[in-house]
Amino acid sequence: MARASVDGAALAQPALNGVPRGQGEDNMADQKLTPSARVHPDDRRRVEGLKALGTLIQGAPQPQAPLSYYTPILIQCTLPHSDPKVNPWIRKNGDFSLIVSSGFDRDGTPYGIPYGSFPRLVLAYIITRVKETGGRRIELSSHFSGFMRKIGYTGNHKGNSLAGKRTREQLLRLLLASIRFEGHAGTEEQGRMAGVNINVATKYDLWWDFKNPEQDSLWGSYIDISDDFRQAILQAPVPLRTDILKALRKSPLALDVYMWTSYRLFVMQSTGQEAISLSYGRLQEQFGTGIAEKHYRLFRSRLKQAFADVDRHWRAPNGEKQSLNYEFETTHLLLYRSPLVVRTKPIAGQEEAQRILSQRNFDEATRRSARLLAGKWDLSYLTSQYFDWIEREGIAPKDPRAHFLDFIKTHRRRHGETVQE
């Protein structure tokens with residue numbers, strides 16, 4: 001069995017922990033289970049009647065669809081849909097850029113840029129596990145295999161199969177890639193550039209055995225994600241329906257559209273927006289289709305098909321069709337407020353943030369602090385510019401007050417003014 005490890009220890013095969021299934025289980029088969037309490041036949045109708053009354057009062061239990069999560073930073077600019085055969089891979093969305101660079105093997109050969117549906121779904125698994133556990137270690141054995149089955153990868157991903165080798169190749173492309181997020185403001189003469197470099201995995205331990213087709217190619221494998229990546233994940237994960245990811249898994253563009261639409265609708269709900277308009281050129285820049293800018297009609301055609309695919313699966317957990325409201329105009333896409341197809345628990349402070357964003361107004365204490373920061377700038381103008389900007393860019397800040405004050409500082413610096421902290 002081969003093993004790849006970068007934990008600083010020698011490459012050696014350790015003894016397996018645990019015992020084979022069926023051993024060490026305290027002879028459970030020989031133990032007698034305590035019989036469950038039974039309902040007397042005369043009481044069954046009374047119990048059923050009470051259950052029916054409870055349903056009438058409280059309503060029928062609503063089905064809960066399994067959720068996965070994704071990060072907005074990889075929704076606003078996406079991974080490529082097909083092998084770009086370039087290094088690095090760059091996508092832009094306004095002042096925001098995503099730059100993905102390939103990792104290298106021990107001979108200096110690049111693994112390549114992660115592409116297609118598979119790395120998107122692996123990232124969804126990683127982000128979901130981080131959201132659920134809060135930890136940095138991600139197991140790539142039982143939990144991962146279960147997730148793969150849930151999203152429709154039911155083929156043989158073990159041993160010496162083409163699918164098994166492709167799984168390993170795409171995992172290496174993803175885990176060893178360097179991802180940089182970068183924002184620009186101002187002009188060439190005077191401005192600001194801020195960014196963060198992220199390696200998805202800071203430590204990994206991958207097992208495979210291509211000569212044994214019965215051996216799970218990822219049994220016992222794990223990765224430790226970087227703390228920067230963990231923090232980015234936990235800031236504002238976007239909830240997604242696992243069953244919809246499964247239904248759209250054959251189309252990277254449809255996956256991107258589903259994630260992007262879900263994220264945008266959450267933001268629109270938070271800010272009280274009724275509609276947003278984005279040009280096809282801007283969408284073409286941020287989505288990883290690889291279609292050249294001059295072929296924007298082809299991009300629009302494929303985007304339209306992807307929206308139709310997403311719309312077909314835009315259903316409530318009980319299967320009831322929901323309305324996804326959008327229009328394809330000549331030069332731009334219009335997305336209107338639509339019902340969300342996931343149920344999320346309210347976050348502490350979310351209601352107050354939504355109130356500020358929907359009313360486009362701050363409390364007196366925030367306005368007082370803003371006036372002190374604004375200098376010569378009119379506060380009403382800055383307030384209007386701020387809300388227009390976050391709605392246009394699809395930003396839903398957790399703390400709009402602090403975000404607004406930072407916006408004022410950045411605005412003044414862009415105009416060459418010195419701002420005291």
# chains A, B, ... in the order shown; residues from 1 in each chain; ligands from 1
>>> closest_atom_pairs(of="region 245-284 of chain A", to="region 301-315 of chain A", cutoff="8 Å", atoms="only C-alpha atoms", output="Markdown table")
| residue | atom | partner | partner_atom | distance |
| --- | --- | --- | --- | --- |
| A:Ala247 | CA | A:His313 | CA | 7.7 |
| A:Leu248 | CA | A:Val310 | CA | 7.6 |
| A:Leu253 | CA | A:Ala306 | CA | 6.3 |
| A:Ala254 | CA | A:Ala306 | CA | 4.6 |
| A:Val257 | CA | A:Phe307 | CA | 6.6 |
| A:Tyr258 | CA | A:Val310 | CA | 6.0 |
>>> select_by_dssp(residues="region 343-392 of chain A", states="alpha helix (DSSP H)", output="PDB file with N, CA and C atoms, in the first residue's frame")
ATOM      1  N   GLN A 350     -28.629  38.967  13.646  1.00  0.00           N
ATOM      2  CA  GLN A 350     -28.980  39.007  12.231  1.00  0.00           C
ATOM      3  C   GLN A 350     -30.175  39.919  11.972  1.00  0.00           C
ATOM      4  N   GLU A 351     -31.158  39.885  12.887  1.00  0.00           N
ATOM      5  CA  GLU A 351     -32.356  40.697  12.690  1.00  0.00           C
ATOM      6  C   GLU A 351     -32.015  42.187  12.669  1.00  0.00           C
ATOM      7  N   GLU A 352     -31.127  42.620  13.567  1.00  0.00           N
ATOM      8  CA  GLU A 352     -30.737  44.027  13.603  1.00  0.00           C
ATOM      9  C   GLU A 352     -29.973  44.404  12.340  1.00  0.00           C
ATOM     10  N   ALA A 353     -29.075  43.520  11.897  1.00  0.00           N
ATOM     11  CA  ALA A 353     -28.347  43.782  10.656  1.00  0.00           C
ATOM     12  C   ALA A 353     -29.303  43.883   9.471  1.00  0.00           C
ATOM     13  N   GLN A 354     -30.273  42.984   9.404  1.00  0.00           N
ATOM     14  CA  GLN A 354     -31.244  43.026   8.308  1.00  0.00           C
ATOM     15  C   GLN A 354     -32.070  44.297   8.355  1.00  0.00           C
ATOM     16  N   ARG A 355     -32.396  44.761   9.565  1.00  0.00           N
ATOM     17  CA  ARG A 355     -33.164  46.002   9.684  1.00  0.00           C
ATOM     18  C   ARG A 355     -32.374  47.179   9.117  1.00  0.00           C
ATOM     19  N   ILE A 356     -31.082  47.264   9.460  1.00  0.00           N
ATOM     20  CA  ILE A 356     -30.242  48.356   8.956  1.00  0.00           C
ATOM     21  C   ILE A 356     -30.141  48.292   7.439  1.00  0.00           C
ATOM     22  N   LEU A 357     -29.904  47.087   6.904  1.00  0.00           N
ATOM     23  CA  LEU A 357     -29.707  46.947   5.466  1.00  0.00           C
ATOM     24  C   LEU A 357     -30.988  47.196   4.681  1.00  0.00           C
ATOM     25  N   SER A 358     -32.122  46.779   5.216  1.00  0.00           N
ATOM     26  CA  SER A 358     -33.386  46.981   4.502  1.00  0.00           C
ATOM     27  C   SER A 358     -33.859  48.432   4.571  1.00  0.00           C
ATOM     28  N   GLN A 359     -33.606  49.100   5.718  1.00  0.00           N
ATOM     29  CA  GLN A 359     -34.025  50.500   5.867  1.00  0.00           C
ATOM     30  C   GLN A 359     -32.982  51.484   5.351  1.00  0.00           C
ATOM     31  N   GLU A 364     -28.345  56.701  15.702  1.00  0.00           N
ATOM     32  CA  GLU A 364     -27.712  57.995  15.936  1.00  0.00           C
ATOM     33  C   GLU A 364     -26.260  57.836  16.390  1.00  0.00           C
ATOM     34  N   ALA A 365     -25.966  56.836  17.216  1.00  0.00           N
ATOM     35  CA  ALA A 365     -24.597  56.651  17.692  1.00  0.00           C
ATOM     36  C   ALA A 365     -23.653  56.331  16.532  1.00  0.00           C
ATOM     37  N   THR A 366     -24.101  55.510  15.588  1.00  0.00           N
ATOM     38  CA  THR A 366     -23.259  55.193  14.425  1.00  0.00           C
ATOM     39  C   THR A 366     -23.079  56.417  13.542  1.00  0.00           C
ATOM     40  N   ARG A 367     -24.161  57.201  13.363  1.00  0.00           N
ATOM     41  CA  ARG A 367     -24.050  58.422  12.544  1.00  0.00           C
ATOM     42  C   ARG A 367     -23.088  59.420  13.187  1.00  0.00           C
ATOM     43  N   ARG A 368     -23.092  59.479  14.517  1.00  0.00           N
ATOM     44  CA  ARG A 368     -22.183  60.393  15.218  1.00  0.00           C
ATOM     45  C   ARG A 368     -20.729  59.971  14.970  1.00  0.00           C
ATOM     46  N   SER A 369     -20.448  58.699  15.091  1.00  0.00           N
ATOM     47  CA  SER A 369     -19.089  58.203  14.826  1.00  0.00           C
ATOM     48  C   SER A 369     -18.706  58.420  13.370  1.00  0.00           C
ATOM     49  N   ALA A 370     -19.685  58.247  12.474  1.00  0.00           N
ATOM     50  CA  ALA A 370     -19.419  58.423  11.044  1.00  0.00           C
ATOM     51  C   ALA A 370     -19.092  59.876  10.716  1.00  0.00           C
ATOM     52  N   ARG A 371     -19.782  60.818  11.379  1.00  0.00           N
ATOM     53  CA  ARG A 371     -19.513  62.241  11.125  1.00  0.00           C
ATOM     54  C   ARG A 371     -18.083  62.593  11.514  1.00  0.00           C
ATOM     55  N   LEU A 372     -17.604  62.014  12.624  1.00  0.00           N
ATOM     56  CA  LEU A 372     -16.236  62.288  13.059  1.00  0.00           C
ATOM     57  C   LEU A 372     -15.221  61.743  12.063  1.00  0.00           C
ATOM     58  N   LEU A 373     -15.564  60.631  11.401  1.00  0.00           N
ATOM     59  CA  LEU A 373     -14.657  60.029  10.434  1.00  0.00           C
ATOM     60  C   LEU A 373     -14.742  60.666   9.054  1.00  0.00           C
ATOM     61  N   ALA A 374     -15.891  61.254   8.731  1.00  0.00           N
ATOM     62  CA  ALA A 374     -16.171  61.677   7.355  1.00  0.00           C
ATOM     63  C   ALA A 374     -15.354  62.880   6.912  1.00  0.00           C
ATOM     64  N   LEU A 379     -22.253  63.251   4.983  1.00  0.00           N
ATOM     65  CA  LEU A 379     -22.595  61.933   5.524  1.00  0.00           C
ATOM     66  C   LEU A 379     -23.725  61.273   4.742  1.00  0.00           C
ATOM     67  N   SER A 380     -24.690  62.057   4.296  1.00  0.00           N
ATOM     68  CA  SER A 380     -25.803  61.478   3.521  1.00  0.00           C
ATOM     69  C   SER A 380     -25.292  60.880   2.213  1.00  0.00           C
ATOM     70  N   TYR A 381     -24.352  61.566   1.582  1.00  0.00           N
ATOM     71  CA  TYR A 381     -23.754  61.058   0.345  1.00  0.00           C
ATOM     72  C   TYR A 381     -23.019  59.745   0.600  1.00  0.00           C
ATOM     73  N   LEU A 382     -22.198  59.709   1.660  1.00  0.00           N
ATOM     74  CA  LEU A 382     -21.441  58.501   1.976  1.00  0.00           C
ATOM     75  C   LEU A 382     -22.370  57.337   2.315  1.00  0.00           C
ATOM     76  N   THR A 383     -23.437  57.626   3.040  1.00  0.00           N
ATOM     77  CA  THR A 383     -24.400  56.577   3.397  1.00  0.00           C
ATOM     78  C   THR A 383     -25.039  55.981   2.153  1.00  0.00           C
ATOM     79  N   SER A 384     -25.456  56.848   1.234  1.00  0.00           N
ATOM     80  CA  SER A 384     -26.068  56.391  -0.019  1.00  0.00           C
ATOM     81  C   SER A 384     -25.079  55.582  -0.846  1.00  0.00           C
ATOM     82  N   GLN A 385     -23.826  56.047  -0.920  1.00  0.00           N
ATOM     83  CA  GLN A 385     -22.792  55.338  -1.669  1.00  0.00           C
ATOM     84  C   GLN A 385     -22.531  53.958  -1.067  1.00  0.00           C
ATOM     85  N   TYR A 386     -22.537  53.896   0.253  1.00  0.00           N
ATOM     86  CA  TYR A 386     -22.284  52.626   0.932  1.00  0.00           C
ATOM     87  C   TYR A 386     -23.359  51.593   0.610  1.00  0.00           C
ATOM     88  N   PHE A 387     -24.613  51.963   0.774  1.00  0.00           N
ATOM     89  CA  PHE A 387     -25.687  50.993   0.543  1.00  0.00           C
ATOM     90  C   PHE A 387     -25.787  50.614  -0.940  1.00  0.00           C
ATOM     91  N   ASP A 388     -25.563  51.577  -1.825  1.00  0.00           N
ATOM     92  CA  ASP A 388     -25.552  51.250  -3.261  1.00  0.00           C
ATOM     93  C   ASP A 388     -24.443  50.243  -3.573  1.00  0.00           C
ATOM     94  N   TRP A 389     -23.292  50.439  -2.947  1.00  0.00           N
ATOM     95  CA  TRP A 389     -22.138  49.568  -3.214  1.00  0.00           C
ATOM     96  C   TRP A 389     -22.379  48.145  -2.729  1.00  0.00           C
ATOM     97  N   ILE A 390     -22.837  47.961  -1.496  1.00  0.00           N
ATOM     98  CA  ILE A 390     -23.003  46.594  -0.984  1.00  0.00           C
ATOM     99  C   ILE A 390     -24.127  45.866  -1.721  1.00  0.00           C
ATOM    100  N   GLU A 391     -25.151  46.610  -2.166  1.00  0.00           N
ATOM    101  CA  GLU A 391     -26.218  45.960  -2.920  1.00  0.00           C
ATOM    102  C   GLU A 391     -25.729  45.557  -4.309  1.00  0.00           C
ATOM    103  N   ARG A 392     -24.925  46.425  -4.913  1.00  0.00           N
ATOM    104  CA  ARG A 392     -24.405  46.127  -6.252  1.00  0.00           C
ATOM    105  C   ARG A 392     -23.439  44.943  -6.215  1.00  0.00           C
TER     106      ARG A 392
END
>>> residues_around(residues="Phe147 (chain A)", least_positions_apart="6", cutoff="12 Å", atoms="only C-alpha atoms", output="VMD selection string")
chain A and resid 66 to 68 121 to 126 128 to 129 139 to 141 153 to 154 242 to 243 245 to 246
>>> residues_around(residues="Gly135 (chain A)", least_positions_apart="3", cutoff="9 Å", atoms="only C-alpha atoms", output="PyMOL selection string")
chain A and resi 129-132+138+224-225+230
>>> write_last_selection(atoms="N, CA and C atoms", output="PDB file, in the first residue's frame")
ATOM      1  N   ARG A 129     -18.042  19.885   6.751  1.00  0.00           N
ATOM      2  CA  ARG A 129     -17.459  19.251   7.936  1.00  0.00           C
ATOM      3  C   ARG A 129     -16.889  20.300   8.895  1.00  0.00           C
ATOM      4  N   VAL A 130     -16.260  21.348   8.355  1.00  0.00           N
ATOM      5  CA  VAL A 130     -15.745  22.421   9.216  1.00  0.00           C
ATOM      6  C   VAL A 130     -16.892  23.130   9.918  1.00  0.00           C
ATOM      7  N   LYS A 131     -17.963  23.378   9.182  1.00  0.00           N
ATOM      8  CA  LYS A 131     -19.144  24.037   9.770  1.00  0.00           C
ATOM      9  C   LYS A 131     -19.736  23.178  10.892  1.00  0.00           C
ATOM     10  N   GLU A 132     -19.761  21.873  10.701  1.00  0.00           N
ATOM     11  CA  GLU A 132     -20.367  20.972  11.689  1.00  0.00           C
ATOM     12  C   GLU A 132     -19.473  20.749  12.909  1.00  0.00           C
ATOM     13  N   ILE A 138     -10.009  16.967   8.551  1.00  0.00           N
ATOM     14  CA  ILE A 138     -11.088  16.431   7.732  1.00  0.00           C
ATOM     15  C   ILE A 138     -10.743  14.992   7.366  1.00  0.00           C
ATOM     16  N   ASP A 224      -5.457  18.227   7.100  1.00  0.00           N
ATOM     17  CA  ASP A 224      -5.621  19.333   8.043  1.00  0.00           C
ATOM     18  C   ASP A 224      -5.652  20.618   7.226  1.00  0.00           C
ATOM     19  N   ILE A 225      -6.766  21.309   7.251  1.00  0.00           N
ATOM     20  CA  ILE A 225      -6.868  22.541   6.468  1.00  0.00           C
ATOM     21  C   ILE A 225      -6.165  23.672   7.214  1.00  0.00           C
ATOM     22  N   ARG A 230      -9.910  27.875   7.255  1.00  0.00           N
ATOM     23  CA  ARG A 230     -10.969  27.595   8.236  1.00  0.00           C
ATOM     24  C   ARG A 230     -11.697  28.873   8.629  1.00  0.00           C
TER      25      ARG A 230
END
>>> residues_around(residues="Pro339 (chain A)", least_positions_apart="6", cutoff="12 Å", atoms="only C-alpha atoms", output="list in words")
Thr261, Ser262, Arg264, Leu265, Phe266, Met268, Gln269, Glu274, Asp311, Trp314, Arg315, Ala316, Glu320, Lys321, Gln322, Ser323, Leu324 and Asn325 of chain A
>>> write_last_selection(atoms="N, CA and C atoms", output="PDB file, in the first residue's frame")
ATOM      1  N   THR A 261     -26.773  31.841  -7.270  1.00  0.00           N
ATOM      2  CA  THR A 261     -28.160  32.278  -7.083  1.00  0.00           C
ATOM      3  C   THR A 261     -28.561  32.186  -5.621  1.00  0.00           C
ATOM      4  N   SER A 262     -28.207  31.088  -4.956  1.00  0.00           N
ATOM      5  CA  SER A 262     -28.536  30.931  -3.535  1.00  0.00           C
ATOM      6  C   SER A 262     -27.891  32.047  -2.718  1.00  0.00           C
ATOM      7  N   ARG A 264     -26.804  35.028  -3.760  1.00  0.00           N
ATOM      8  CA  ARG A 264     -27.377  36.331  -4.087  1.00  0.00           C
ATOM      9  C   ARG A 264     -28.755  36.523  -3.458  1.00  0.00           C
ATOM     10  N   LEU A 265     -29.574  35.467  -3.446  1.00  0.00           N
ATOM     11  CA  LEU A 265     -30.917  35.584  -2.871  1.00  0.00           C
ATOM     12  C   LEU A 265     -30.851  35.777  -1.357  1.00  0.00           C
ATOM     13  N   PHE A 266     -29.881  35.135  -0.689  1.00  0.00           N
ATOM     14  CA  PHE A 266     -29.689  35.369   0.740  1.00  0.00           C
ATOM     15  C   PHE A 266     -29.333  36.830   0.994  1.00  0.00           C
ATOM     16  N   MET A 268     -29.974  39.407  -0.990  1.00  0.00           N
ATOM     17  CA  MET A 268     -31.127  40.245  -1.311  1.00  0.00           C
ATOM     18  C   MET A 268     -32.156  40.232  -0.188  1.00  0.00           C
ATOM     19  N   GLN A 269     -32.335  39.071   0.426  1.00  0.00           N
ATOM     20  CA  GLN A 269     -33.253  38.984   1.555  1.00  0.00           C
ATOM     21  C   GLN A 269     -32.745  39.812   2.725  1.00  0.00           C
ATOM     22  N   GLU A 274     -35.149  44.051  -4.121  1.00  0.00           N
ATOM     23  CA  GLU A 274     -36.165  43.341  -4.889  1.00  0.00           C
ATOM     24  C   GLU A 274     -35.585  42.727  -6.156  1.00  0.00           C
ATOM     25  N   ASP A 311     -33.513  26.077 -12.209  1.00  0.00           N
ATOM     26  CA  ASP A 311     -34.937  26.370 -12.004  1.00  0.00           C
ATOM     27  C   ASP A 311     -35.755  25.091 -11.888  1.00  0.00           C
ATOM     28  N   TRP A 314     -35.530  23.885  -8.391  1.00  0.00           N
ATOM     29  CA  TRP A 314     -35.798  24.875  -7.337  1.00  0.00           C
ATOM     30  C   TRP A 314     -37.110  24.496  -6.642  1.00  0.00           C
ATOM     31  N   ARG A 315     -37.015  23.579  -5.711  1.00  0.00           N
ATOM     32  CA  ARG A 315     -38.186  23.027  -5.035  1.00  0.00           C
ATOM     33  C   ARG A 315     -37.985  23.070  -3.526  1.00  0.00           C
ATOM     34  N   ALA A 316     -39.102  23.145  -2.803  1.00  0.00           N
ATOM     35  CA  ALA A 316     -39.063  23.049  -1.350  1.00  0.00           C
ATOM     36  C   ALA A 316     -38.668  21.630  -0.956  1.00  0.00           C
ATOM     37  N   GLU A 320     -42.387  20.503  -3.488  1.00  0.00           N
ATOM     38  CA  GLU A 320     -43.255  21.502  -4.134  1.00  0.00           C
ATOM     39  C   GLU A 320     -42.412  22.499  -4.923  1.00  0.00           C
ATOM     40  N   LYS A 321     -42.783  22.723  -6.179  1.00  0.00           N
ATOM     41  CA  LYS A 321     -42.037  23.637  -7.049  1.00  0.00           C
ATOM     42  C   LYS A 321     -42.121  25.060  -6.527  1.00  0.00           C
ATOM     43  N   GLN A 322     -40.962  25.712  -6.463  1.00  0.00           N
ATOM     44  CA  GLN A 322     -40.885  27.110  -6.066  1.00  0.00           C
ATOM     45  C   GLN A 322     -40.514  27.951  -7.286  1.00  0.00           C
ATOM     46  N   SER A 323     -40.844  29.213  -7.226  1.00  0.00           N
ATOM     47  CA  SER A 323     -40.611  30.094  -8.368  1.00  0.00           C
ATOM     48  C   SER A 323     -39.241  30.754  -8.257  1.00  0.00           C
ATOM     49  N   LEU A 324     -38.367  30.466  -9.211  1.00  0.00           N
ATOM     50  CA  LEU A 324     -37.082  31.163  -9.324  1.00  0.00           C
ATOM     51  C   LEU A 324     -37.268  32.249 -10.374  1.00  0.00           C
ATOM     52  N   ASN A 325     -37.237  33.489  -9.934  1.00  0.00           N
ATOM     53  CA  ASN A 325     -37.626  34.608 -10.793  1.00  0.00           C
ATOM     54  C   ASN A 325     -36.407  35.296 -11.392  1.00  0.00           C
TER      55      ASN A 325
END
>>> residues_around(residues="Pro84 (chain A)", least_positions_apart="2", cutoff="9 Å", atoms="only C-alpha atoms", output="JSON, numbers by chain")
{"A": [80, 81, 82, 86, 87, 89, 112, 113, 115, 290]}
>>> atom_distance(atom1="CA of Leu174 (chain A)", atom2="CA of Val200 (chain A)")
7.4 Å
>>> closest_residue(among="A:Asn318, A:Gln235, A:Ser270, A:Thr331", to="Pro72 (chain A)", atoms="only C-alpha atoms")
A:Gln235
